[in-house]
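*Asks:* My file is model.cif. It has mmCIF, C-alpha atoms and all ligand atoms:
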data_work
loop_
_atom_site.label_atom_id
_atom_site.label_comp_id
_atom_site.auth_asym_id
_atom_site.auth_seq_id
_atom_site.Cartn_x
_atom_site.Cartn_y
_atom_site.Cartn_z
CA MET J 251 92.20 67.40 112.92
CA SER J 252 95.26 67.57 115.12
CA PHE J 253 98.91 66.86 114.32
CA ASP J 254 98.47 63.44 116.00
CA HIS J 255 97.07 62.00 112.76
CA LEU J 256 100.18 62.84 110.74
CA SER J 257 102.54 60.15 112.12
CA LEU J 258 105.13 62.69 113.15
CA ILE J 259 107.81 61.65 115.65
CA SER J 260 107.60 62.99 119.19
CA PRO J 261 110.57 65.45 118.98
CA LEU J 262 108.62 67.22 116.23
CA HIS J 263 105.35 67.10 118.19
CA ASP J 264 107.07 68.64 121.19
CA ALA J 265 108.53 71.45 119.07
CA LEU J 266 105.16 72.15 117.44
CA ARG J 267 103.47 72.32 120.82
CA GLU J 268 106.04 74.90 121.91
CA GLU J 269 105.41 76.89 118.72
CA GLY J 270 101.73 76.95 119.67
CA TYR J 271 100.55 75.12 116.54
CA LYS J 272 97.36 73.24 117.37
CA SER J 273 96.26 71.80 114.07
CA PRO J 274 97.88 71.41 110.66
CA THR J 275 96.97 73.80 107.85
CA PRO J 276 95.43 72.24 104.69
CA ILE J 277 98.76 72.12 102.82
CA GLN J 278 100.38 70.43 105.82
CA MET J 279 97.57 67.89 106.05
CA GLU J 280 97.92 67.01 102.38
CA ALA J 281 101.67 67.23 101.88
CA ILE J 282 103.17 65.73 105.06
CA PRO J 283 101.87 62.14 104.59
CA GLU J 284 102.99 62.11 100.94
CA VAL J 285 106.50 63.34 101.74
CA LEU J 286 106.80 60.82 104.57
CA LYS J 287 106.07 58.09 102.00
CA GLN J 288 109.25 59.37 100.29
CA LYS J 289 107.31 60.39 97.20
CA ASP J 290 108.12 63.37 95.00
CA LEU J 291 105.70 66.24 95.50
CA LEU J 292 104.27 68.99 93.35
CA ALA J 293 102.57 71.51 95.65
CA CYS J 294 100.61 74.54 94.60
CA ALA J 295 100.62 76.83 97.63
CA GLN J 296 101.57 80.41 98.33
CA THR J 297 103.38 81.99 101.28
CA GLY J 298 101.10 82.22 104.29
CA THR J 299 99.54 78.78 103.89
CA GLY J 300 102.04 77.09 106.22
CA LYS J 301 104.03 75.62 103.35
CA THR J 302 107.40 75.92 105.13
CA ALA J 303 106.31 73.49 107.83
CA ALA J 304 104.66 71.33 105.15
CA PHE J 305 108.10 70.51 103.72
CA SER J 306 110.35 71.07 106.77
CA LEU J 307 108.58 68.70 109.17
CA PRO J 308 108.65 65.54 107.02
CA LEU J 309 112.12 66.45 105.75
CA LEU J 310 113.46 66.60 109.32
CA GLN J 311 111.71 63.34 110.16
CA LEU J 312 113.06 61.45 107.13
CA LEU J 313 116.62 62.66 107.71
CA ASP J 314 116.37 61.71 111.37
CA GLN J 315 114.96 58.25 110.66
CA HIS J 316 117.38 57.37 107.88
CA LYS J 317 120.60 58.28 109.61
CA SER J 318 123.63 58.29 107.39
CA LYS J 319 127.23 57.61 108.40
CA ARG J 320 128.54 59.60 105.46
CA LYS J 321 129.40 63.24 106.08
CA GLY J 322 127.96 65.80 103.69
CA ILE J 323 124.91 67.86 102.90
CA ARG J 324 121.83 65.57 102.79
CA SER J 325 119.12 68.08 101.99
CA LEU J 326 119.04 71.27 99.95
CA ILE J 327 116.26 73.84 100.20
CA LEU J 328 116.52 76.36 97.41
CA THR J 329 114.52 79.58 97.82
CA PRO J 330 114.57 82.87 95.85
CA THR J 331 115.25 85.56 98.47
CA ARG J 332 117.51 85.99 101.45
CA GLU J 333 114.54 86.95 103.65
CA LEU J 334 112.81 83.67 102.79
CA ALA J 335 116.06 81.76 103.32
CA ILE J 336 116.48 83.27 106.78
CA GLN J 337 112.88 82.50 107.69
CA ILE J 338 113.13 78.91 106.52
CA GLY J 339 116.32 78.61 108.61
CA GLU J 340 114.43 79.96 111.64
CA SER J 341 111.58 77.50 111.06
CA ILE J 342 114.00 74.58 110.84
CA SER J 343 115.69 75.70 114.07
CA ALA J 344 112.29 75.82 115.77
CA TYR J 345 110.85 72.54 114.44
CA GLY J 346 114.14 70.64 114.68
CA LYS J 347 115.17 71.84 118.13
CA TYR J 348 114.87 68.32 119.65
CA LEU J 349 116.70 66.60 116.80
CA SER J 350 120.44 66.51 116.27
CA LEU J 351 120.41 67.60 112.63
CA LYS J 352 122.56 70.57 111.69
CA HIS J 353 121.55 73.21 109.19
CA THR J 354 122.84 76.49 107.86
CA VAL J 355 121.58 79.29 105.64
CA ILE J 356 123.52 80.93 102.82
CA PHE J 357 122.57 83.97 100.73
CA GLY J 358 124.27 86.76 98.86
CA GLY J 359 124.84 90.41 99.74
CA VAL J 360 126.90 89.65 102.86
CA SER J 361 130.40 88.36 103.51
CA GLN J 362 130.71 84.64 102.88
CA LEU J 363 133.05 84.02 105.82
CA HIS J 364 130.43 83.05 108.43
CA GLN J 365 128.74 80.88 105.85
CA THR J 366 131.88 79.01 104.80
CA ASN J 367 132.86 78.55 108.48
CA ALA J 368 129.47 76.97 109.17
CA LEU J 369 129.80 74.75 106.09
CA ARG J 370 133.26 73.56 107.21
CA GLN J 371 131.78 72.32 110.46
CA GLY J 372 129.40 70.10 108.50
CA VAL J 373 125.68 70.51 107.89
CA ASP J 374 122.86 68.10 107.11
CA ILE J 375 120.45 70.65 105.69
CA LEU J 376 121.42 73.62 103.56
CA VAL J 377 119.01 76.50 102.92
CA ALA J 378 120.27 78.62 100.03
CA THR J 379 119.51 81.27 97.44
CA PRO J 380 120.70 80.31 93.94
CA GLY J 381 123.43 82.92 93.30
CA ARG J 382 125.46 82.40 96.48
CA LEU J 383 125.01 78.65 96.25
CA LEU J 384 126.53 78.52 92.75
CA ASP J 385 129.30 80.84 93.90
CA LEU J 386 130.26 78.61 96.82
CA ILE J 387 129.99 75.48 94.68
CA GLN J 388 132.42 77.05 92.21
CA GLN J 389 134.79 77.92 95.05
CA GLY J 390 134.68 74.30 96.19
CA PHE J 391 132.97 74.87 99.55
CA ILE J 392 129.83 72.93 98.66
CA LYS J 393 129.21 69.54 97.06
CA LEU J 394 125.71 68.39 96.26
CA HIS J 395 126.32 64.75 95.29
CA GLN J 396 124.90 63.39 98.55
CA ILE J 397 121.59 65.21 98.46
CA GLU J 398 118.74 62.90 99.48
CA ILE J 399 115.92 65.46 99.60
CA PHE J 400 115.75 68.54 97.38
CA VAL J 401 113.15 71.28 97.98
CA LEU J 402 112.56 73.90 95.31
CA ASP J 403 110.62 76.65 97.06
CA GLU J 404 108.63 79.42 95.31
CA ALA J 405 109.52 78.10 91.86
CA ASP J 406 107.38 80.71 90.09
CA ARG J 407 109.20 83.54 91.85
CA MET J 408 112.51 82.06 90.78
CA LEU J 409 111.19 82.47 87.27
CA ASP J 410 109.89 86.04 87.89
CA MET J 411 113.20 87.10 89.39
CA GLY J 412 115.25 85.70 86.53
CA PHE J 413 116.83 82.86 88.54
CA ILE J 414 115.50 79.93 86.55
CA HIS J 415 118.76 79.49 84.65
CA ASP J 416 120.73 79.29 87.90
CA VAL J 417 118.16 76.86 89.29
CA LYS J 418 118.62 74.57 86.29
CA LYS J 419 122.41 74.70 86.72
CA ILE J 420 122.00 73.67 90.35
CA ILE J 421 119.59 70.85 89.50
CA ALA J 422 122.18 69.48 87.06
CA LYS J 423 124.60 69.08 89.99
CA LEU J 424 122.20 67.00 92.09
CA PRO J 425 122.30 63.21 92.10
CA GLN J 426 119.71 61.41 89.94
CA LYS J 427 118.32 59.43 92.86
CA LYS J 428 116.71 61.79 95.34
CA GLN J 429 113.32 62.89 96.60
CA THR J 430 112.20 66.23 95.17
CA LEU J 431 109.53 68.60 96.51
CA LEU J 432 108.51 71.50 94.30
CA PHE J 433 106.45 74.36 95.74
CA SER J 434 104.97 77.13 93.63
CA ALA J 435 102.11 79.60 94.13
CA THR J 436 101.21 79.45 90.45
CA MET J 437 102.04 76.97 87.69
CA PRO J 438 103.06 78.88 84.56
CA PRO J 439 104.04 76.66 81.56
CA GLU J 440 107.77 76.94 82.23
CA ILE J 441 107.34 75.66 85.79
CA GLN J 442 105.11 72.82 84.55
CA LYS J 443 107.86 71.84 82.14
CA LEU J 444 110.48 72.01 84.86
CA ALA J 445 108.25 69.89 87.12
CA GLN J 446 107.82 67.27 84.39
CA ASN J 447 111.57 66.90 83.99
CA LEU J 448 112.40 67.08 87.66
CA LEU J 449 109.72 65.04 89.40
CA HIS J 450 109.18 61.29 89.26
CA GLN J 451 105.51 60.25 89.56
CA PRO J 452 104.83 63.05 92.03
CA SER J 453 101.92 63.36 94.42
CA ILE J 454 100.13 66.55 93.53
CA VAL J 455 98.61 68.76 96.20
CA ALA J 456 97.01 72.16 95.88
CA VAL J 457 95.43 74.46 98.42
CA THR J 458 92.84 77.14 97.90
CA PRO J 459 93.88 79.70 95.32
CA PRO J 460 94.85 83.22 96.41
CA SER J 461 91.45 84.80 95.73
CA SER J 462 89.72 82.81 98.46
CA THR J 463 92.46 83.76 100.94
CA VAL J 464 91.66 87.31 100.02
CA GLU J 465 88.03 86.93 101.07
CA LYS J 466 89.05 86.35 104.68
CA ILE J 467 90.78 89.72 104.86
CA SER J 468 88.74 92.88 105.55
CA GLN J 469 89.67 95.31 102.82
CA TYR J 470 89.00 99.04 102.75
CA LEU J 471 89.65 101.69 100.18
CA TYR J 472 90.35 105.39 100.77
CA PHE J 473 90.15 107.73 97.80
CA THR J 474 92.55 110.59 98.41
CA ASN J 475 94.93 112.97 96.65
CA LYS J 476 98.51 111.94 96.05
CA SER J 477 99.74 114.90 98.11
CA ASP J 478 97.49 113.97 101.05
CA LYS J 479 98.50 110.33 101.39
CA VAL J 480 101.09 110.84 104.13
CA LYS J 481 98.67 113.00 106.10
CA LEU J 482 95.99 110.35 105.74
CA LEU J 483 98.43 107.69 106.91
CA ASP J 484 99.39 109.80 109.93
CA HIS J 485 95.69 110.35 110.67
CA LEU J 486 94.88 106.62 110.49
CA LEU J 487 97.80 105.75 112.73
CA ASP J 488 96.53 108.31 115.27
CA GLU J 489 92.82 107.63 115.01
CA GLU J 490 92.47 103.95 114.45
CA ASP J 491 93.38 101.40 117.03
CA ILE J 492 96.41 100.29 115.04
CA GLY J 493 99.02 98.09 116.64
CA GLN J 494 101.53 97.73 113.86
CA ALA J 495 101.28 98.23 110.14
CA LEU J 496 103.25 97.08 107.12
CA VAL J 497 103.03 99.88 104.55
CA PHE J 498 103.77 99.27 100.86
CA SER J 499 105.32 102.03 98.82
CA ARG J 500 105.89 101.85 95.06
CA THR J 501 109.36 103.43 95.18
CA LYS J 502 112.41 103.35 97.46
CA HIS J 503 112.46 107.13 97.51
CA GLY J 504 108.75 107.21 98.45
CA ALA J 505 109.36 104.73 101.27
CA ASP J 506 112.11 106.92 102.75
CA ARG J 507 109.93 110.02 102.49
CA VAL J 508 107.03 108.35 104.32
CA VAL J 509 109.40 107.25 107.10
CA ARG J 510 110.80 110.78 107.47
CA VAL J 511 107.33 112.33 107.78
CA LEU J 512 106.03 109.67 110.16
CA ASP J 513 109.11 110.04 112.35
CA LYS J 514 108.49 113.79 112.61
CA LYS J 515 104.90 113.08 113.60
CA GLY J 516 106.07 110.77 116.37
CA HIS J 517 105.33 107.39 114.79
CA LYS J 518 108.32 105.08 114.98
CA ALA J 519 108.94 103.85 111.46
CA LYS J 520 111.68 102.27 109.34
CA ALA J 521 111.99 101.46 105.66
CA ILE J 522 113.26 98.36 103.92
CA HIS J 523 114.14 98.47 100.26
CA GLY J 524 116.86 97.50 97.82
CA ASN J 525 119.06 100.53 98.57
CA LYS J 526 119.39 99.55 102.21
CA SER J 527 122.20 97.23 103.25
CA GLN J 528 121.32 93.68 104.21
CA ASN J 529 122.10 94.56 107.84
CA ALA J 530 119.86 97.62 107.81
CA ARG J 531 117.05 95.51 106.35
CA GLN J 532 117.47 92.76 108.93
CA ASN J 533 117.61 95.31 111.76
CA ALA J 534 114.45 97.05 110.57
CA LEU J 535 112.67 93.71 110.30
CA LYS J 536 113.85 92.66 113.75
CA ASP J 537 112.78 95.97 115.32
CA PHE J 538 109.38 95.52 113.73
CA LYS J 539 109.06 91.91 114.90
CA ASP J 540 110.16 92.91 118.41
CA GLY J 541 107.55 95.68 118.47
CA LYS J 542 110.15 98.46 118.73
CA ILE J 543 108.75 100.24 115.69
CA LYS J 544 105.12 100.71 114.74
CA VAL J 545 105.42 101.01 110.99
CA LEU J 546 107.55 99.15 108.49
CA VAL J 547 107.53 100.74 105.04
CA ALA J 548 108.56 98.36 102.29
CA THR J 549 108.84 98.13 98.54
CA ASP J 550 107.53 94.95 96.90
CA ILE J 551 110.94 93.49 96.12
CA ALA J 552 112.26 94.05 99.65
CA ALA J 553 109.06 92.68 101.17
CA ARG J 554 109.18 89.38 99.27
CA GLY J 555 109.11 86.60 101.74
CA ILE J 556 108.79 88.73 104.86
CA ASP J 557 107.09 86.60 107.42
CA ILE J 558 105.74 88.39 110.43
CA ASP J 559 103.47 86.41 112.70
CA GLU J 560 100.07 87.88 113.47
CA LEU J 561 100.41 90.99 111.35
CA GLU J 562 97.08 92.77 111.66
CA LEU J 563 97.27 95.46 109.07
CA VAL J 564 98.71 96.02 105.62
CA ILE J 565 98.45 99.48 104.06
CA ASN J 566 98.88 99.99 100.34
CA PHE J 567 100.20 103.53 100.32
CA ASP J 568 100.38 103.10 96.55
CA LEU J 569 98.33 100.56 94.65
CA PRO J 570 100.56 98.02 92.90
CA GLU J 571 100.98 98.09 89.12
CA ILE J 572 100.47 94.33 88.88
CA PRO J 573 97.15 93.12 90.32
CA GLU J 574 98.64 89.82 91.59
CA THR J 575 100.99 91.89 93.75
CA TYR J 576 97.95 93.17 95.65
CA VAL J 577 97.11 89.58 96.57
CA HIS J 578 100.69 88.88 97.69
CA ARG J 579 100.78 92.09 99.73
CA ILE J 580 97.54 91.65 101.62
CA GLY J 581 98.30 87.94 102.07
CA ARG J 582 100.89 89.05 104.63
CA THR J 583 98.03 89.65 107.02
CA GLY J 584 95.42 87.03 107.87
CA ARG J 585 97.99 84.23 107.86
CA ALA J 586 97.34 80.70 108.97
CA GLY J 587 93.69 81.41 109.66
CA LEU J 588 94.10 84.76 111.47
CA SER J 589 91.77 87.57 110.47
CA GLY J 590 93.54 90.46 108.82
CA LYS J 591 92.87 93.93 107.55
CA ALA J 592 94.12 95.71 104.44
CA ILE J 593 93.74 99.41 103.69
CA SER J 594 94.48 100.84 100.25
CA PHE J 595 94.90 104.45 99.20
CA CYS J 596 93.82 105.28 95.68
CA ASP J 597 94.63 108.63 94.09
CA GLY J 598 93.27 110.12 90.89
CA GLU J 599 95.80 108.34 88.68
CA GLN J 600 95.21 104.88 90.07
CA HIS J 601 91.61 104.07 89.14
CA LYS J 602 92.65 101.75 86.34
CA LEU J 603 94.91 99.82 88.75
CA LEU J 604 92.02 99.55 91.19
CA LYS J 605 89.71 98.15 88.53
CA ASP J 606 92.26 95.51 87.55
CA ILE J 607 92.72 94.48 91.18
CA GLU J 608 88.98 94.20 91.82
CA LYS J 609 88.59 92.13 88.69
CA LEU J 610 91.33 89.74 89.77
CA ILE J 611 90.10 89.24 93.32
CA GLY J 612 86.46 89.12 92.27
CA LEU J 613 85.54 91.58 95.01
CA ARG J 614 84.55 95.17 95.16
CA ILE J 615 86.60 96.75 97.92
CA GLU J 616 84.59 98.70 100.46
CA VAL J 617 85.11 102.47 100.22
CA VAL J 618 85.56 104.52 103.40
CA HIS J 619 84.28 108.03 102.70
CA ASP J 620 84.37 109.38 106.21
CA HIS J 621 87.92 110.69 106.48
CA PRO J 622 89.54 114.16 106.49
CA TYR J 623 91.49 113.92 103.19
CA PRO J 624 88.98 112.94 100.49
CA PHE J 625 89.93 113.02 96.85
CA GLU J 626 88.99 116.47 95.57
CA ALA J 627 87.32 115.33 92.38
CA GLN J 628 86.03 112.23 94.11
CA LYS J 629 82.43 112.52 93.03
CA ALA J 630 83.29 113.14 89.40
CA GLU J 631 85.92 110.43 89.21
CA GLU J 632 84.23 107.73 91.18
CA SER J 633 82.23 105.11 89.39
CA PRO J 634 78.53 106.10 89.77
CA SER J 635 77.58 102.60 90.89
CA ARG J 636 79.76 102.81 93.97
CA GLU J 637 77.40 103.04 96.88
CA LYS J 638 78.22 105.69 99.47
CA ARG J 639 78.55 104.44 103.01
CA LYS J 640 79.69 106.22 106.14
CA GLN J 641 81.03 103.15 107.86
CA PRO J 642 82.84 100.28 106.19
CA THR J 643 80.88 97.05 105.97
CA ARG J 644 81.75 93.68 104.51
CA ASN J 645 83.26 93.38 101.06
CA LYS J 646 80.77 92.76 98.30
CA ARG J 647 81.20 90.26 95.53
CA TYR J 648 82.21 91.91 92.32
CA ARG J 649 79.87 91.48 89.37
P1 LIG A 1 104.44 79.94 105.60
O1 LIG A 1 103.31 79.78 104.62
O2 LIG A 1 105.28 78.74 105.70
O3 LIG A 1 105.21 81.21 105.33
O4 LIG A 1 103.77 80.11 107.05
C1 LIG A 1 102.97 81.19 107.41
C2 LIG A 1 102.88 81.39 108.91
O5 LIG A 1 102.01 80.44 109.49
C3 LIG A 1 104.18 81.30 109.66
O6 LIG A 1 104.24 82.42 110.53
C4 LIG A 1 104.08 80.02 110.46
O7 LIG A 1 104.77 80.14 111.68
C5 LIG A 1 102.59 79.88 110.68
N1 LIG A 1 102.13 78.49 110.73
C6 LIG A 1 102.49 77.48 109.91
N2 LIG A 1 101.83 76.35 110.21
C7 LIG A 1 101.03 76.63 111.26
C8 LIG A 1 100.09 75.86 112.04
N3 LIG A 1 99.85 74.58 111.78
N4 LIG A 1 99.46 76.50 113.05
C9 LIG A 1 99.69 77.80 113.30
N5 LIG A 1 100.55 78.58 112.62
C10 LIG A 1 101.21 78.01 111.61
#
Just dump the structure as structure tokens.
Ligand code: AMP

*Replies:*
Amino acid sequence: MSFDHLSLISPLHDALREEGYKSPTPIQMEAIPEVLKQKDLLACAQTGTGKTAAFSLPLLQLLDQHKSKRKGIRSLILTPTRELAIQIGESISAYGKYLSLKHTVIFGGVSQLHQTNALRQGVDILVATPGRLLDLIQQGFIKLHQIEIFVLDEADRMLDMGFIHDVKKIIAKLPQKKQTLLFSATMPPEIQKLAQNLLHQPSIVAVTPPSSTVEKISQYLYFTNKSDKVKLLDHLLDEEDIGQALVFSRTKHGADRVVRVLDKKGHKAKAIHGNKSQNARQNALKDFKDGKIKVLVATDIAARGIDIDELELVINFDLPEIPETYVHRIGRTGRAGLSGKAISFCDGEQHKLLKDIEKLIGLRIEVVHDHPYPFEAQKAEESPSREKRKQPTRNKRYR
């Protein structure tokens, strides 16, 4: 199916053609017609499914078609992290380039001056994180009484990150009559309750749950010693035909250490984590997107919402403590139908984490034995049922 079947206006079609999008993703196919009917929407979809375009395209179209003479913000997109906010802003710039709607992005951790200047000039669409939005509302820079379309993005992460209270405060400032689109990767009870209160007879759409996304990604496991992980990483970067890699480290300190060692070994690398300034994080991300650095080392919090097109490889330098995080991490590769690859290192202390992950994804990750830094007690520690193979093959279903 092509975008032609979605009744989108030609300025949007032209922009999509320039973006190189040929056909809509499943969430776009399901959500766009419902939003264009001006219905409320409850969408179960995670990052990587094309959900940003699923709400941005019909939102731009509706605002363009129902022009308003009144000045003021007509649409609010609320999202949990600054990285996501910036990316949504970039998507709206790209999709809306042939429309005359104005938008701006606001988030915390930086001076508010640029943001308030942009707001003074008038915007139709505001992309915001909750804290800075409330701050600027309190200072009188923002009024939400004219909102026609409200998008609550990544509602479950808002909950995880402790923002749900702020979100409720913001919702209380919105007009009663509006169209609301709620996106969430999962639907925990608190989000279901919020949806019940917020949405009026919503259309409900859901796309394939994370575990089936996971099956499209080739996943490999390297058992190694904690002290050998950096050497193994250096070896893989040298040996394998690796373009760029996003490497996940458990700690900020660990991320910096990996970058230092890789730099010494001649691999251009940068770290992004919570101790880095917003500018340093944006620069590192830009250098990575522009291909100036080969490796971006990130902690989970800093990596939330990073959107890098056509990322081929994710490396779990440390396995995550929470199994769902593994799914979020490797979901950064293999986006929008691309094939992706994920490599995980597992040291002697992480077998329990590995088991939990394999249980969640319903797959047994293929072990690569043929590498120079094997785990010393590998044979003793490894589960006896793990078959030994020289070369990685396809993932097996977990039983
Ligand atoms: P999202 O889930 O919104 O974070 O989108 C994931 C990635 O898929 C982004 O890099 C988008 O640019 C890309 N994308 C979204 N929709 C399409 C499409 N229909 N065709 C190709 N790429 C897309």

*Asks:* In the coordinate frame of the file, compute which residues have an atom within 8 Å of (107.7, 66.6, 108.6) when using only C-alpha atoms, and state them as a ChimeraX atom specification.

*Replies:* /J:258,262,282,285-286,303-312

*Asks:* Return the padded bounding box of ligand LIG 1 (chain A) as JSON: axis-aligned, built from all atoms listed in the file, 8 Å added on each side, with centre and edge lengths in Å to one decimal.

*Replies:*
{"center_x": 102.4, "center_y": 78.5, "center_z": 109.0, "size_x": 21.8, "size_y": 23.8, "size_z": 24.7}

*Asks:* Using all atoms listed in the file, which of the listed residues (J:Val618, J:Ile336, J:Leu349, J:Ile323) sits closest to ligand LIG 1 (chain A)?

*Replies:* J:Ile336

*Asks:* If you measure from atom O2 of ligand LIG 1 (chain A) to atom CA of J:Lys539, what distance in Å do you get, rounded to one decimal?

*Replies:*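 Calculated distance between atom O2 of ligand LIG 1 (chain A) and atom CA of J:Lys539 is 16.5 Å.
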
*Asks:* For J:Leu292, list every protein, DNA or RNA residue within 7 Å, evaluated using all atoms listed in the file, and leave out those in the same chain fewer than 4 positions away; present the list as a list in words.

*Replies:*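 Listing them by chain and then by number gives Leu431, Leu432, Phe433, Pro452, Ser453, Ile454 and Val455 of chain J.
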
*Asks:* Those same residues, written as a JSON list (two decimals), in the coordinates of the input with C-alpha atoms?

*Replies:*
[["chain", "number", "residue", "atom", "x", "y", "z"],
["J", 431, "LEU", "CA", 109.53, 68.60, 96.51],
["J", 432, "LEU", "CA", 108.51, 71.50, 94.30],
["J", 433, "PHE", "CA", 106.45, 74.36, 95.74],
["J", 452, "PRO", "CA", 104.83, 63.05, 92.03],
["J", 453, "SER", "CA", 101.92, 63.36, 94.42],
["J", 454, "ILE", "CA", 100.13, 66.55, 93.53],
["J", 455, "VAL", "CA", 98.61, 68.76, 96.20]]

*Asks:* Identify the residues around (122.7, 66.7, 91.2) within a radius of 12 Å, measuring from all atoms listed in the file in the coordinates stated by the file, and give them as an MDAnalysis selection string.

*Replies:* chainID J and resid 323:326 387 393:400 417:430 448

*Asks:* Figure out the distance between atom CA of J:Leu384 and atom CA of J:Thr331, please, to one decimal in Å.

*Replies:*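 Taking atom CA of J:Thr331 as the start and atom CA of J:Leu384 as the end point, the length is 14.5 Å.
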
*Asks:* Given the choices J:Ala530, J:Thr583, J:Glu599, J:Asp290, which gets closest to J:Gly359 if the distance is worked out from all atoms listed in the file?

*Replies:* J:Ala530

*Asks:* Which of these residues is nearest to ligand LIG 1 (chain A), using only C-alpha atoms and all ligand atoms: J:Ala456, J:Ala378, J:Leu561, J:Ile327?

*Replies:*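 Ranked by minimum distance to ligand LIG 1 (chain A), first place goes to J:Leu561.
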
*Asks:* Have a look at atom CA of J:Ile551 and atom CA of J:His523 and let me know their distance in Å, one decimal.

*Replies:* 7.2 Å

*Asks:* Could you tell me which of J:Ile565, J:Val377, J:Ile580, J:Ala553 comes closest to J:Glu333 if we count all atoms listed in the file?

*Replies:*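 Distance minimum relative to J:Glu333 lands on J:Ala553.
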
*Asks:* For J:Ile356, work out the shell of residues within 8 Å, counting all atoms listed in the file and skipping chain neighbours fewer than 4 positions away, then give it as number ranges by chain.

*Replies:* J: 332, 335, 365, 376-379, 382-383

*Asks:* Name the closest residue to ligand LIG 1 (chain A) among the candidates J:Lys515, J:Arg582, J:Lys476, J:Lys591; distances are taken between atoms, counting all atoms listed in the file.

*Replies:*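 Ranking J:Lys515, J:Arg582, J:Lys476, J:Lys591 by distance to ligand LIG 1 (chain A), first place goes to J:Arg582.
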
*Asks:* So, with all atoms listed in the file as the atoms that count, which of J:Leu402, J:Ala344, J:Leu409, J:Cys596 lies closest to ligand LIG 1 (chain A)?

*Replies:*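 Going through J:Leu402, J:Ala344, J:Leu409, J:Cys596 one by one, the smallest distance to ligand LIG 1 (chain A) is for J:Ala344.
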
*Asks:* Which polymer residues have any atom within 12 Å of an atom of J:Gly524, counting only C-alpha atoms, with same-chain residues fewer than 6 positions away left out, as a count of residues only?

*Replies:* 15

*Asks:* Please return stretch 607-617 of chain J, rebuilt to N, CA, C and O atoms, as a PDB file, keeping the file's coordinate frame.

*Replies:*
ATOM      1  N   ILE J 607      92.608  95.246  89.929  1.00  0.00           N
ATOM      2  CA  ILE J 607      92.720  94.480  91.180  1.00  0.00           C
ATOM      3  C   ILE J 607      91.355  93.876  91.528  1.00  0.00           C
ATOM      4  O   ILE J 607      91.243  92.686  91.837  1.00  0.00           O
ATOM      5  N   GLU J 608      90.311  94.688  91.450  1.00  0.00           N
ATOM      6  CA  GLU J 608      88.980  94.200  91.820  1.00  0.00           C
ATOM      7  C   GLU J 608      88.534  93.071  90.889  1.00  0.00           C
ATOM      8  O   GLU J 608      87.866  92.131  91.300  1.00  0.00           O
ATOM      9  N   LYS J 609      88.942  93.187  89.642  1.00  0.00           N
ATOM     10  CA  LYS J 609      88.590  92.130  88.690  1.00  0.00           C
ATOM     11  C   LYS J 609      89.289  90.820  89.078  1.00  0.00           C
ATOM     12  O   LYS J 609      88.681  89.761  89.095  1.00  0.00           O
ATOM     13  N   LEU J 610      90.568  90.940  89.409  1.00  0.00           N
ATOM     14  CA  LEU J 610      91.330  89.740  89.770  1.00  0.00           C
ATOM     15  C   LEU J 610      90.783  89.062  91.015  1.00  0.00           C
ATOM     16  O   LEU J 610      90.624  87.842  91.056  1.00  0.00           O
ATOM     17  N   ILE J 611      90.508  89.864  92.052  1.00  0.00           N
ATOM     18  CA  ILE J 611      90.100  89.240  93.320  1.00  0.00           C
ATOM     19  C   ILE J 611      88.615  88.914  93.334  1.00  0.00           C
ATOM     20  O   ILE J 611      88.133  88.230  94.227  1.00  0.00           O
ATOM     21  N   GLY J 612      87.894  89.415  92.337  1.00  0.00           N
ATOM     22  CA  GLY J 612      86.460  89.120  92.270  1.00  0.00           C
ATOM     23  C   GLY J 612      85.686  89.771  93.395  1.00  0.00           C
ATOM     24  O   GLY J 612      84.648  89.286  93.818  1.00  0.00           O
ATOM     25  N   LEU J 613      86.203  90.860  93.916  1.00  0.00           N
ATOM     26  CA  LEU J 613      85.540  91.580  95.010  1.00  0.00           C
ATOM     27  C   LEU J 613      85.533  93.063  94.724  1.00  0.00           C
ATOM     28  O   LEU J 613      86.456  93.569  94.080  1.00  0.00           O
ATOM     29  N   ARG J 614      84.527  93.706  95.204  1.00  0.00           N
ATOM     30  CA  ARG J 614      84.550  95.170  95.160  1.00  0.00           C
ATOM     31  C   ARG J 614      84.970  95.648  96.549  1.00  0.00           C
ATOM     32  O   ARG J 614      84.325  95.337  97.545  1.00  0.00           O
ATOM     33  N   ILE J 615      86.064  96.373  96.609  1.00  0.00           N
ATOM     34  CA  ILE J 615      86.600  96.750  97.920  1.00  0.00           C
ATOM     35  C   ILE J 615      85.747  97.884  98.501  1.00  0.00           C
ATOM     36  O   ILE J 615      85.391  98.837  97.815  1.00  0.00           O
ATOM     37  N   GLU J 616      85.453  97.737  99.781  1.00  0.00           N
ATOM     38  CA  GLU J 616      84.590  98.700 100.460  1.00  0.00           C
ATOM     39  C   GLU J 616      85.258 100.068 100.569  1.00  0.00           C
ATOM     40  O   GLU J 616      86.398 100.169 101.011  1.00  0.00           O
ATOM     41  N   VAL J 617      84.534 101.114 100.170  1.00  0.00           N
ATOM     42  CA  VAL J 617      85.110 102.470 100.220  1.00  0.00           C
ATOM     43  C   VAL J 617      84.789 103.113 101.568  1.00  0.00           C
ATOM     44  O   VAL J 617      83.656 103.045 102.032  1.00  0.00           O
TER      45      VAL J 617
END
